[in-house]
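S.K.: Sharing a structure here in structure tokens format.
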Amino acid sequence: MSIIDTIRQANLSPLAEQFAKFCEELDDKSNPVVLATVALLAHRNTTEGDTCLDLRHYAGQPLLQNAEHQPLVTAPLFDDWKKQLESVAFTGAPFDYQPLILDGARLYLHRHWRQELIIAKLLEARFVAVEYDEKQLKARLDVLFGELAPTAEAYGQKLAAAMALTRKLTIITGGPGTGKTTTVTKILALLLEQQPELRISLAAPTGKAAARLSESINKQLADLQGKIAPEILAKLPRDASTIHRLLGWQRHGFVHNANSPLPCDCLLLDESSMVDQGLMASLLVALPEHCHLILLGDREQLASVEAGSVLGDLTGHGKKLTLSTDRGEELVALLGEIPPDLIVNQTPAIANHIAQLSHSYRFASGGGIGKLADAVNTGQTAGVKKLLAENNKELAWIEATGMQPGSTVINWAMQHYTPIFTATNAKEALNIFDSARILTALREGPWGESSMRERLEARLQNAGLIEKKNDTTYQGLPLIIRRNDRETGLFNGDTGIFWPDEDGTLMAWFPIKDNLTPFSVHQLPEWQSAWALTVHRSQGSEYSNVLLVLPPEESPVVTRELIYTGITRAVNHCTISATMTQFTNAIERRITRLSGLSERVGWPITS
């Protein structure tokens with residue numbers, strides 16, 4: 001049996017098979033183990049989001065297995081395996097120009113190695129202090145954030161602001177409702193006080209996330225009246241864009257790059273956990289050297305759909321965040337005091353640029369959603385069971401039985417979505433739709449988003465609420481864009497709704513800069529119905545009511561991060577459809593993406 005036949009038997013992705021063939025053509029003396037290695041690298045890159053293959057994880061272990069988990073190819077011991085990879089024509093050392101790069105114990109596709117290096121290098125270049133007047137900054141922090149009270153939650157926002165105003169790079173991580181945008185709006189105002197001509201850009205990975213960032217910042221402006229001069233408030237940016245819009249996406253790359261930097265002195269990037277490694281590298285390359293960078297995000301959320309887990313890598317994947325002694329002393333001088341357990345003798349340099357907000361104002365009342373999210377995030381399965389067994393007004397449970405979601409799930413959808421069809425205009429219809437969402441773990445299959453959409457549409461049709469046109473569109477159909485399109489200005493993740501215009505022509509309406517803009521169906525880039533979305537697609541959004549539908553059988557896709565992300569999309573109420581056994585099993589299953597970025601920015605290796 002040839003190695004290509006073995007790769008097929010291991011049920012790797014078609015891309016993995018083609019990449020192995022490509023490498024075999026480059027060096028026909030490649031042995032089966034080497035070709036199996038490159039196939040596995042390509043497979044895990046596309047299916048698991050790994051950016052490298054760590055030989056230490058596989059040395060002496062089965063490399064490829066069949067459906068019955070029987071070994072097909074076993075990896076050699078580390079030293080022998082490394083020599084075999086170094087001997088082939090398509091593998092190079094760091095800074096060589098070869099399809100594959102072997103850097104220490106990690107094997108990369110060349111582009112992933114280069115992206116990782118770029119991110120680490122350009123972030124480390126911002127590990128520098130900025131000039132500031134200590135007395136003046138201390139006074140302004142006191143005005144905007146008040147005197148520190150002796151409570152843990154009181155330190156978070158003010159400490160994050162002090163960190164951001166004294167360094168060129170700051171990463172602010174925190175869960176929903178911890179005040180990330182509240183904090184950063186004040187930070188931007190203070191930066192403008194120091195430099196009134198500062199050019200500030202706001203960005204997020206998706207259109208929905210960008211719209212939410214714009215909305216959040218605009219809401220904060222009223223609270224700053226009387227604390228910030230009117231002329232400074234007038235300079236605060238109101239509109240956020242997607243990263244692709246900001247960089248000027250075109251078919252052959254971005255307008256803004258190293259040779260054509262962004263006209264920007266400060267960039268605020270929200271929902272950083274959603275940004276894949278390639279896009280983050282492109283963004284950093286396009287930033288001017290002097291540009292102040294603030295990354296916002298929740299490090300506990302799902303990683304990006306594409307390869308990499310950049311925010312998790314940068315923030316140490318759950319490790320305790322501390323400050324060096326020097327950095328701690330500098331911040332104490334500004335704030336008066338900070339929790340003493342935050343200061344240690346030795347900490348990775350990047351940790352001095354990471355602020356964590358832990359107090360959730362959204363869930364401060366102690367409601368069920370916040371408690372459940374915390375229990376899930378900390379792996380407390382007993383606490384999860386207890387919460388879901390209680391009669392909590394914020395939570396509901398639907399036991400999953402049968403071969404597909406039961407009628408109770410469809411009834412939930414009908415209850416929340418039927419009012420769309422009595423709306424008087426597109427804006428009202430879209431607002432109703434945006435108040436509730438069905439979230440799934442899977443795309444396909446009876447428990448996936450596609451099946452949920454089909455079943456819901458069948459019920460809507462039977463109820464006489466919809467009439468399909470050309471078997472595709474109808475009034476009230478929500479849609480989500482799946483591909484960036486420069487011509488229309490619509491980007492992946494933008495959500496709209498089909499509704500007739502004044503002439504009765506069915507159009508797709510999208511919120512663009514606070515206005516609904518209509519597009520004909522022929523203008524639209526690739527799109528799909530949005531009645532149900534995967535949890536991945538819902539990131540960067542929040543809804544009053546959420547129904548989280550999980551399959552009753554074991555699935556590696558369903559993890560603690562996915563469940564946490566799905567639950568925290570809900571503001572007022574979350575209903576979960578699952579089996580308790582698989583639900584608690586999934587909470588104990590964590591996402592692990594292989595990458596060298598965390599170690600490259602200074603976090604210690606964990607076994």
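By convention here, the chains of the structure tokens are called A, B, ... in the order presented, each chain's residues are numbered starting at 1, and ligands are numbered starting at 1 in the order presented.
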Show me, as a ChimeraX atom specification, the residues that have an atom within 12 Å of Ile369 (chain A) when counting only C-alpha atoms, minus same-chain residues fewer than 4 positions from it.
M.R.: /A:176-177,360,362-365,373-376,384,387-388,392-396,544-546,563-576
S.K.: Any idea what the distance is between CA of Leu323 (chain A) and CA of Ile350 (chain A)?
M.R.: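 Between CA of Leu323 (chain A) and CA of Ile350 (chain A) the gap is 9.4 Å.
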S.K.: Just the strand (DSSP E or B) stuff from region 87-307 of chain A, please, per backbone DSSP, written as an MDAnalysis selection string.
M.R.: chainID A and resid 91:92 100:103 106:109 129 167 169:174 200:204 225 228 241:242 249:250 253:254 257 260 266:269 292:297
S.K.: Please provide as a PyMOL selection string all residues within 12 Å of Leu100 (chain A), with the sequence filter that same-chain residues fewer than 6 positions apart are discarded (counting only C-alpha atoms).
M.R.: chain A and resi 19-20+22-23+26+34+37-39+41-42+51-53+85-86+88-94+106-114
S.K.: Could you tell me how far CA of Asn259 (chain A) sits from CA of Ala349 (chain A), in Å to one decimal place?
M.R.: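 We find that CA of Ala349 (chain A) and CA of Asn259 (chain A) lie 28.9 Å from each other.
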S.K.: Can you check which residues of region 157-348 of chain A DSSP gives as alpha helix (DSSP H) on the backbone and send them as a PyMOL selection string?
M.R.: chain A and resi 157-164+180-194+207-221+230-233+243-247+277-286+310-314+325-335
S.K.: How would the residues just picked look written out with C-alpha atoms as an mmCIF file, in the first residue's frame?
M.R.:
data_model
loop_
_atom_site.group_PDB
_atom_site.id
_atom_site.type_symbol
_atom_site.label_atom_id
_atom_site.label_comp_id
_atom_site.auth_asym_id
_atom_site.auth_seq_id
_atom_site.Cartn_x
_atom_site.Cartn_y
_atom_site.Cartn_z
ATOM 1 C CA GLN A 157 -10.794 49.276 34.965
ATOM 2 C CA LYS A 158 -8.582 51.927 36.490
ATOM 3 C CA LEU A 159 -5.554 49.634 36.439
ATOM 4 C CA ALA A 160 -6.240 48.745 32.796
ATOM 5 C CA ALA A 161 -6.433 52.442 31.920
ATOM 6 C CA ALA A 162 -3.180 53.245 33.721
ATOM 7 C CA MET A 163 -1.461 50.400 31.882
ATOM 8 C CA ALA A 164 -2.794 51.515 28.482
ATOM 9 C CA LYS A 180 -14.013 46.722 28.341
ATOM 10 C CA THR A 181 -15.518 49.384 26.071
ATOM 11 C CA THR A 182 -16.386 51.636 29.024
ATOM 12 C CA THR A 183 -12.751 51.522 30.058
ATOM 13 C CA VAL A 184 -11.315 51.990 26.616
ATOM 14 C CA THR A 185 -13.555 54.968 25.781
ATOM 15 C CA LYS A 186 -12.067 56.761 28.778
ATOM 16 C CA ILE A 187 -8.587 55.680 27.703
ATOM 17 C CA LEU A 188 -9.113 57.173 24.246
ATOM 18 C CA ALA A 189 -10.398 60.406 25.757
ATOM 19 C CA LEU A 190 -7.322 60.685 27.981
ATOM 20 C CA LEU A 191 -5.037 59.957 25.029
ATOM 21 C CA LEU A 192 -6.740 62.773 23.099
ATOM 22 C CA GLU A 193 -6.269 65.126 26.039
ATOM 23 C CA GLN A 194 -2.545 64.437 25.816
ATOM 24 C CA GLY A 207 -19.437 43.867 10.704
ATOM 25 C CA LYS A 208 -21.646 42.930 13.634
ATOM 26 C CA ALA A 209 -18.792 43.279 16.118
ATOM 27 C CA ALA A 210 -17.811 46.627 14.573
ATOM 28 C CA ALA A 211 -21.388 47.887 14.859
ATOM 29 C CA ARG A 212 -21.544 46.839 18.510
ATOM 30 C CA LEU A 213 -18.234 48.575 19.253
ATOM 31 C CA SER A 214 -19.507 51.799 17.641
ATOM 32 C CA GLU A 215 -22.765 51.565 19.567
ATOM 33 C CA SER A 216 -20.993 50.907 22.877
ATOM 34 C CA ILE A 217 -18.609 53.829 22.492
ATOM 35 C CA ASN A 218 -21.410 56.208 21.520
ATOM 36 C CA LYS A 219 -23.338 55.185 24.658
ATOM 37 C CA GLN A 220 -20.340 56.077 26.818
ATOM 38 C CA LEU A 221 -20.096 59.635 25.524
ATOM 39 C CA PRO A 230 -16.414 69.178 24.687
ATOM 40 C CA GLU A 231 -13.717 69.751 22.063
ATOM 41 C CA ILE A 232 -12.028 66.480 23.122
ATOM 42 C CA LEU A 233 -15.304 64.547 23.107
ATOM 43 C CA ILE A 243 -10.370 44.837 9.830
ATOM 44 C CA HIS A 244 -10.807 44.116 6.134
ATOM 45 C CA ARG A 245 -12.429 47.496 5.533
ATOM 46 C CA LEU A 246 -9.714 49.227 7.550
ATOM 47 C CA LEU A 247 -6.897 47.572 5.596
ATOM 48 C CA GLN A 277 -3.006 34.449 12.940
ATOM 49 C CA GLY A 278 -2.812 35.486 9.283
ATOM 50 C CA LEU A 279 -5.120 38.475 9.666
ATOM 51 C CA MET A 280 -3.375 39.623 12.845
ATOM 52 C CA ALA A 281 -0.023 39.530 11.065
ATOM 53 C CA SER A 282 -1.422 41.578 8.151
ATOM 54 C CA LEU A 283 -2.851 44.141 10.556
ATOM 55 C CA LEU A 284 0.370 44.549 12.543
ATOM 56 C CA VAL A 285 2.448 44.888 9.373
ATOM 57 C CA ALA A 286 0.217 47.778 8.282
ATOM 58 C CA VAL A 310 -3.667 34.562 18.918
ATOM 59 C CA LEU A 311 -5.337 36.162 21.938
ATOM 60 C CA GLY A 312 -5.042 32.946 23.946
ATOM 61 C CA ASP A 313 -1.367 32.613 22.984
ATOM 62 C CA LEU A 314 -0.590 36.212 23.896
ATOM 63 C CA THR A 325 8.256 44.541 40.359
ATOM 64 C CA ASP A 326 9.301 47.617 38.336
ATOM 65 C CA ARG A 327 6.008 47.755 36.464
ATOM 66 C CA GLY A 328 4.064 47.283 39.673
ATOM 67 C CA GLU A 329 5.896 50.154 41.367
ATOM 68 C CA GLU A 330 5.206 52.425 38.388
ATOM 69 C CA LEU A 331 1.488 51.648 38.536
ATOM 70 C CA VAL A 332 1.314 52.008 42.316
ATOM 71 C CA ALA A 333 2.700 55.536 41.885
ATOM 72 C CA LEU A 334 -0.248 56.330 39.603
ATOM 73 C CA LEU A 335 -2.994 54.502 41.473
#
S.K.: Using only C-alpha atoms, which of A:Gly493, A:Gly406, A:Gly445, A:Gly476 sits nearest Thr418 (chain A)?
M.R.: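 When distances to Thr418 (chain A) are compared using only C-alpha atoms, the smallest one comes from A:Gly476.
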S.K.: Which residues, written as a PyMOL selection string, have at least one atom at most 8 Å from Thr46 (chain A), with only C-alpha atoms counted and residues fewer than 4 positions away on the same chain left out?
M.R.: chain A and resi 42+50+306-307
S.K.: Put those residues in a file: all heavy atoms, as a compact mmCIF listing (two decimals), in the first residue's frame.
M.R.:
# COMPACT_ATOMS: atom_id res chain seq x y z
N ALA A 42 -0.85 19.41 7.42
CA ALA A 42 -1.86 20.10 6.60
C ALA A 42 -3.26 19.81 7.11
O ALA A 42 -4.13 20.70 7.13
CB ALA A 42 -1.72 19.65 5.15
N ASP A 50 -4.42 24.16 14.15
CA ASP A 50 -3.02 24.20 14.57
C ASP A 50 -2.19 24.97 13.55
O ASP A 50 -2.44 24.89 12.35
CB ASP A 50 -2.45 22.77 14.66
CG ASP A 50 -3.08 21.96 15.78
OD1 ASP A 50 -3.76 22.55 16.62
OD2 ASP A 50 -2.88 20.73 15.79
N GLU A 306 -10.28 30.39 11.55
CA GLU A 306 -9.07 30.01 10.82
C GLU A 306 -7.95 29.68 11.81
O GLU A 306 -8.11 29.79 13.03
CB GLU A 306 -8.64 31.15 9.89
CG GLU A 306 -9.70 31.55 8.86
CD GLU A 306 -10.05 30.43 7.90
OE1 GLU A 306 -9.16 29.59 7.63
OE2 GLU A 306 -11.19 30.38 7.42
N ALA A 307 -6.81 29.28 11.28
CA ALA A 307 -5.72 28.76 12.12
C ALA A 307 -5.20 29.79 13.12
O ALA A 307 -5.13 30.98 12.84
CB ALA A 307 -4.57 28.28 11.23
S.K.: Can you tell me which residues surround Ala578 (chain A) at a distance of at most 10 Å, considering only C-alpha atoms, apart from same-chain residues fewer than 5 positions away, and format the answer as a list of chain:residue names?
M.R.: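 These residues fall inside the cut-off: A:Trp397, A:Ile398, A:Glu399, A:Ala400, A:Thr401, A:Pro405, A:Leu548, A:Val549, A:Leu550, A:Pro551, A:Pro552, A:Glu553, A:Phe583, A:Thr584.
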S.K.: In Å to one decimal, how far is CA of Arg482 (chain A) from CA of Glu526 (chain A)?
M.R.: 5.4 Å
S.K.: Given only C-alpha atoms as the basis, pick out the residue of A:Ala389, A:Leu524, A:Ala530, A:Leu321 nearest to Thr440 (chain A).
M.R.: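 Closest residue, counting only C-alpha atoms: A:Ala530.
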